[in-house]
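Pasting structure-v3.tsv here (TSV, C-alpha atoms):
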```tsv
chain	number	residue	atom	x	y	z
R	1	MET	CA	10.86	39.85	43.14
R	2	LYS	CA	7.50	41.30	42.10
R	3	LEU	CA	8.05	40.03	38.54
R	4	THR	CA	8.73	36.53	39.86
R	5	ILE	CA	5.53	36.56	41.93
R	6	ILE	CA	3.46	37.89	39.02
R	7	THR	CA	4.93	35.26	36.67
R	8	ALA	CA	4.19	32.51	39.21
R	9	LEU	CA	0.59	33.75	39.65
R	10	ILE	CA	0.03	33.84	35.88
R	11	PHE	CA	1.41	30.31	35.62
R	12	ILE	CA	-0.83	29.03	38.44
R	13	ILE	CA	-3.94	30.76	37.03
R	14	THR	CA	-3.21	29.35	33.57
R	15	LEU	CA	-2.65	25.89	35.00
R	16	PHE	CA	-5.92	25.88	36.92
R	17	SER	CA	-7.93	27.44	34.10
R	18	CYS	CA	-6.89	24.59	31.81
R	19	ARG	CA	-8.20	22.09	34.31
R	20	GLN	CA	-11.70	23.48	34.49
R	21	PRO	CA	-14.35	20.85	33.63
R	22	GLY	CA	-15.79	22.93	30.79
R	23	ASN	CA	-12.49	22.95	28.93
R	24	ASN	CA	-12.03	19.20	29.35
R	25	LEU	CA	-15.55	18.56	28.07
R	26	ALA	CA	-15.01	20.69	24.97
R	27	LEU	CA	-11.68	19.02	24.32
R	28	GLN	CA	-13.21	15.55	24.75
R	29	GLN	CA	-16.02	16.46	22.34
R	30	LYS	CA	-13.44	17.48	19.73
R	31	VAL	CA	-11.52	14.24	20.25
R	32	ASP	CA	-14.74	12.23	19.94
R	33	SER	CA	-15.68	14.09	16.76
R	34	LEU	CA	-12.26	13.45	15.20
R	35	GLN	CA	-12.40	9.76	16.17
R	36	TYR	CA	-15.82	9.48	14.53
R	37	GLN	CA	-14.56	11.18	11.36
R	38	LEU	CA	-11.52	8.93	11.26
R	39	ALA	CA	-13.65	5.81	11.70
R	40	ALA	CA	-15.94	6.95	8.87
R	41	THR	CA	-13.04	7.68	6.48
R	42	TYR	CA	-12.89	5.37	3.48
R	43	LYS	CA	-10.16	2.76	3.66
R	44	PRO	CA	-9.63	0.43	0.70
R	45	GLY	CA	-10.39	-3.18	1.45
R	46	PHE	CA	-8.13	-6.15	0.87
R	47	GLY	CA	-10.00	-7.08	-2.31
R	48	GLU	CA	-9.55	-3.62	-3.82
R	49	PHE	CA	-5.81	-3.85	-3.28
R	50	MET	CA	-5.67	-7.36	-4.73
R	51	SER	CA	-7.68	-6.35	-7.80
R	52	GLY	CA	-5.29	-3.47	-8.39
R	53	ILE	CA	-2.32	-5.80	-8.02
R	54	GLN	CA	-3.85	-8.19	-10.55
R	55	VAL	CA	-4.22	-5.40	-13.10
R	56	HIS	CA	-0.64	-4.22	-12.56
R	57	HIS	CA	0.59	-7.84	-12.70
R	58	ALA	CA	-0.95	-8.20	-16.17
R	59	LYS	CA	0.31	-4.82	-17.36
R	60	LEU	CA	3.77	-5.68	-16.04
R	61	TRP	CA	3.83	-8.76	-18.24
R	62	PHE	CA	3.02	-6.87	-21.42
R	63	ALA	CA	5.44	-4.06	-20.58
R	64	GLY	CA	8.27	-6.53	-20.01
R	65	LYS	CA	7.36	-8.67	-22.99
R	66	ASN	CA	7.66	-5.54	-25.16
R	67	GLN	CA	10.85	-4.47	-23.38
R	68	ASN	CA	9.19	-1.26	-22.29
R	69	TRP	CA	11.40	-1.10	-19.20
R	70	LYS	CA	10.12	2.28	-18.02
R	71	LEU	CA	6.55	1.00	-18.01
R	72	ALA	CA	7.64	-2.28	-16.40
R	73	ASP	CA	9.39	-0.31	-13.65
R	74	PHE	CA	6.26	1.79	-13.16
R	75	GLU	CA	4.04	-1.32	-12.90
R	76	ILE	CA	6.28	-3.14	-10.41
R	77	LYS	CA	6.33	0.02	-8.28
R	78	GLU	CA	2.52	0.11	-8.40
R	79	ILE	CA	2.45	-3.48	-7.13
R	80	GLU	CA	4.86	-2.56	-4.32
R	81	GLU	CA	2.69	0.44	-3.43
R	82	ALA	CA	-0.43	-1.73	-3.24
R	83	LEU	CA	1.37	-4.29	-1.07
R	84	ALA	CA	2.45	-1.48	1.27
R	85	GLY	CA	-1.17	-0.30	1.36
R	86	ILE	CA	-2.30	-3.77	2.44
R	87	GLN	CA	0.22	-3.72	5.26
R	88	GLN	CA	-0.93	-0.27	6.32
R	89	TYR	CA	-4.71	-0.51	5.97
R	90	CYS	CA	-5.54	-4.21	6.24
R	91	THR	CA	-3.72	-5.20	9.42
R	92	ASP	CA	-6.88	-6.89	10.69
R	93	ARG	CA	-6.72	-9.45	7.87
R	94	PRO	CA	-4.61	-12.53	8.61
R	95	GLU	CA	-3.59	-12.69	4.93
R	96	SER	CA	-1.65	-9.45	5.42
R	97	LYS	CA	0.96	-11.33	7.40
R	98	SER	CA	1.85	-13.38	4.29
R	99	ILE	CA	2.59	-10.41	2.03
R	100	GLY	CA	6.31	-10.59	2.81
R	101	MET	CA	6.61	-13.85	0.91
R	102	LEU	CA	6.47	-11.78	-2.30
R	103	ASP	CA	9.60	-9.78	-1.46
R	104	GLY	CA	12.06	-12.13	-3.18
R	105	ALA	CA	10.06	-12.23	-6.41
R	106	ILE	CA	9.64	-8.45	-6.40
R	107	ASP	CA	13.39	-7.98	-5.85
R	108	SER	CA	14.14	-10.39	-8.70
R	109	LEU	CA	11.89	-8.44	-11.07
R	110	ASN	CA	13.33	-5.11	-9.98
R	111	ARG	CA	16.84	-6.35	-10.82
R	112	ALA	CA	15.72	-7.73	-14.20
R	113	ILE	CA	14.01	-4.45	-15.09
R	114	GLU	CA	16.99	-2.39	-13.95
R	115	GLN	CA	19.33	-4.55	-16.06
R	116	LYS	CA	16.83	-4.67	-18.95
R	117	ASN	CA	17.32	-8.42	-19.03
R	118	MET	CA	14.49	-10.25	-20.79
R	119	ALA	CA	15.48	-13.75	-19.59
R	120	GLN	CA	15.66	-12.59	-15.97
R	121	PHE	CA	12.40	-10.71	-16.40
R	122	LYS	CA	10.58	-13.83	-17.60
R	123	SER	CA	12.10	-15.89	-14.80
R	124	GLY	CA	11.22	-13.23	-12.20
R	125	TYR	CA	7.70	-12.90	-13.56
R	126	LEU	CA	7.16	-16.66	-13.35
R	127	LEU	CA	8.48	-16.56	-9.78
R	128	LEU	CA	6.12	-13.71	-8.88
R	129	THR	CA	3.14	-15.53	-10.39
R	130	ALA	CA	4.01	-18.79	-8.61
R	131	THR	CA	4.54	-16.93	-5.34
R	132	CYS	CA	1.14	-15.25	-5.68
R	133	ASN	CA	-0.44	-18.67	-6.07
R	134	ASN	CA	1.56	-20.09	-3.16
R	135	CYS	CA	0.35	-17.22	-1.01
R	136	HIS	CA	-3.23	-17.86	-2.11
R	137	ARG	CA	-2.88	-21.54	-1.17
R	138	SER	CA	-1.32	-20.76	2.20
R	139	THR	CA	-4.17	-18.37	3.07
R	140	ALA	CA	-7.00	-20.70	1.96
R	141	HIS	CA	-7.59	-18.78	-1.30
R	142	GLU	CA	-6.42	-21.59	-3.55
R	143	PHE	CA	-9.47	-21.02	-5.74
R	144	ASN	CA	-7.86	-17.76	-6.90
R	145	VAL	CA	-5.25	-18.90	-9.44
R	146	ILE	CA	-3.13	-16.29	-11.19
R	147	THR	CA	-1.69	-17.01	-14.64
R	148	ILE	CA	0.42	-15.29	-17.23
R	149	PRO	CA	-2.02	-13.11	-19.16
R	150	VAL	CA	-2.81	-13.92	-22.78
R	151	ASN	CA	-4.40	-10.60	-23.72
R	152	PRO	CA	-3.65	-7.11	-22.43
R	153	PRO	CA	-6.07	-6.00	-19.71
R	154	PHE	CA	-6.75	-2.79	-21.61
R	155	THR	CA	-7.18	-2.29	-25.32
R	156	ASN	CA	-6.49	1.42	-25.06
R	157	GLN	CA	-2.86	1.16	-23.95
R	158	ASP	CA	0.20	0.58	-26.10
R	159	PHE	CA	2.72	-1.57	-24.25
R	160	LYS	CA	5.51	-1.16	-26.82
R	161	ALA	CA	8.55	0.83	-25.80
R	162	PRO	CA	8.53	4.39	-27.17
```
Give the structure from this file in structure tokens form.
Amino acid sequence: MKLTIITALIFIITLFSCRQPGNNLALQQKVDSLQYQLAATYKPGFGEFMSGIQVHHAKLWFAGKNQNWKLADFEIKEIEEALAGIQQYCTDRPESKSIGMLDGAIDSLNRAIEQKNMAQFKSGYLLLTATCNNCHRSTAHEFNVITIPVNPPFTNQDFKAP
């Protein structure tokens, strides 16, 4: 019986001590500090993601053109990662809602790369490029036209299969 009373008293004292104004103030200050730090944390902007996608789009072309399927797979995964980043970090941008229109083209390219099928790769790449441009038109960015690259984006990378 005494143990039950002592346990109940400890519980009540603990409960009331947690509700003291000083503890709430300190806790609120920590929450405020964390919210400030979170708000000040760098988050990539929509343009940074799109620039990265453009680079990987070009590198994907040269990897596929050279039948470097491992590199092509890497580049398409980088594009998918950037698209996921847009959906995670750029939810305030209306353009983010249109990202899903690329899913079919991405799936087509993934299948072509997996099957190491050059004809499907070219077809999938054309579909991806056209879908990018359709997305740009639908989001009032029609001035940003994507094409099949003529020259590699980097002169210090070999796109040939090892």
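Take CA of Ala63 in chain R and CA of Met50 in chain R: the distance between them is 19.6 Å.
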Best match for closeness to Thr91 in chain R among R:Gly45, R:Leu127, R:Cys135, R:Asp158, counting only C-alpha atoms: R:Gly45
Pick from R:Ser33, R:Ser98, R:Thr41, R:Gln120 nearest to Cys132 in chain R, counting only C-alpha atoms: R:Ser98
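Non-sequential neighbours of Gln115 in chain R (distance at most 12 Å, separation of 4 or more positions within a chain, only C-alpha atoms) are Gly64, Gln67, Trp69, Lys70, Ala72, Asp73, Ser108, Leu109, Asn110, Arg111, Ala119, Gln120 and Phe121 of chain R.
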Could you check which residues have any atom within 12 Å of (2.4, 0.0, -0.6), counting all atoms listed in the file with coordinates taken straight from the file, and then list them as a PDB file with C-alpha atoms, in the coordinates of the input?
```
ATOM      1  CA  PHE R  49      -5.810  -3.850  -3.280  1.00  0.00           C
ATOM      2  CA  MET R  50      -5.670  -7.360  -4.730  1.00  0.00           C
ATOM      3  CA  GLY R  52      -5.290  -3.470  -8.390  1.00  0.00           C
ATOM      4  CA  ILE R  53      -2.320  -5.800  -8.020  1.00  0.00           C
ATOM      5  CA  ILE R  76       6.280  -3.140 -10.410  1.00  0.00           C
ATOM      6  CA  LYS R  77       6.330   0.020  -8.280  1.00  0.00           C
ATOM      7  CA  GLU R  78       2.520   0.110  -8.400  1.00  0.00           C
ATOM      8  CA  ILE R  79       2.450  -3.480  -7.130  1.00  0.00           C
ATOM      9  CA  GLU R  80       4.860  -2.560  -4.320  1.00  0.00           C
ATOM     10  CA  GLU R  81       2.690   0.440  -3.430  1.00  0.00           C
ATOM     11  CA  ALA R  82      -0.430  -1.730  -3.240  1.00  0.00           C
ATOM     12  CA  LEU R  83       1.370  -4.290  -1.070  1.00  0.00           C
ATOM     13  CA  ALA R  84       2.450  -1.480   1.270  1.00  0.00           C
ATOM     14  CA  GLY R  85      -1.170  -0.300   1.360  1.00  0.00           C
ATOM     15  CA  ILE R  86      -2.300  -3.770   2.440  1.00  0.00           C
ATOM     16  CA  GLN R  87       0.220  -3.720   5.260  1.00  0.00           C
ATOM     17  CA  GLN R  88      -0.930  -0.270   6.320  1.00  0.00           C
ATOM     18  CA  TYR R  89      -4.710  -0.510   5.970  1.00  0.00           C
ATOM     19  CA  CYS R  90      -5.540  -4.210   6.240  1.00  0.00           C
ATOM     20  CA  SER R  96      -1.650  -9.450   5.420  1.00  0.00           C
ATOM     21  CA  ILE R  99       2.590 -10.410   2.030  1.00  0.00           C
ATOM     22  CA  GLY R 100       6.310 -10.590   2.810  1.00  0.00           C
TER      23      GLY R 100
END
```
10 Å contact set for Pro152 in chain R, all atoms listed in the file, chain neighbours under 6 positions out, as a ChimeraX atom specification: /R:55,58-63,158-159
Computed interatomic separation between CA of Ile146 in chain R and CA of Thr129 in chain R (Å): 6.4 Å
For CA of Lys160 in chain R and CA of Gly104 in chain R, the interatomic separation in Å (one decimal): 26.9 Å
Of the listed residues R:Lys30, R:Ser138, R:Gln37, R:Ser51, that which approaches Glu95 in chain R most closely, counting only C-alpha atoms: R:Ser138
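With all atoms listed in the file as the basis for measurement, R:Glu114 is the residue among R:Asp103, R:Glu114, R:Gly47, R:Leu38 that approaches Phe74 in chain R most closely.
For the choices R:Asn66, R:Thr147, R:Thr131, R:Asn156, the atom-to-atom distance to Asn117 in chain R is smallest for R:Asn66 when using all atoms listed in the file.
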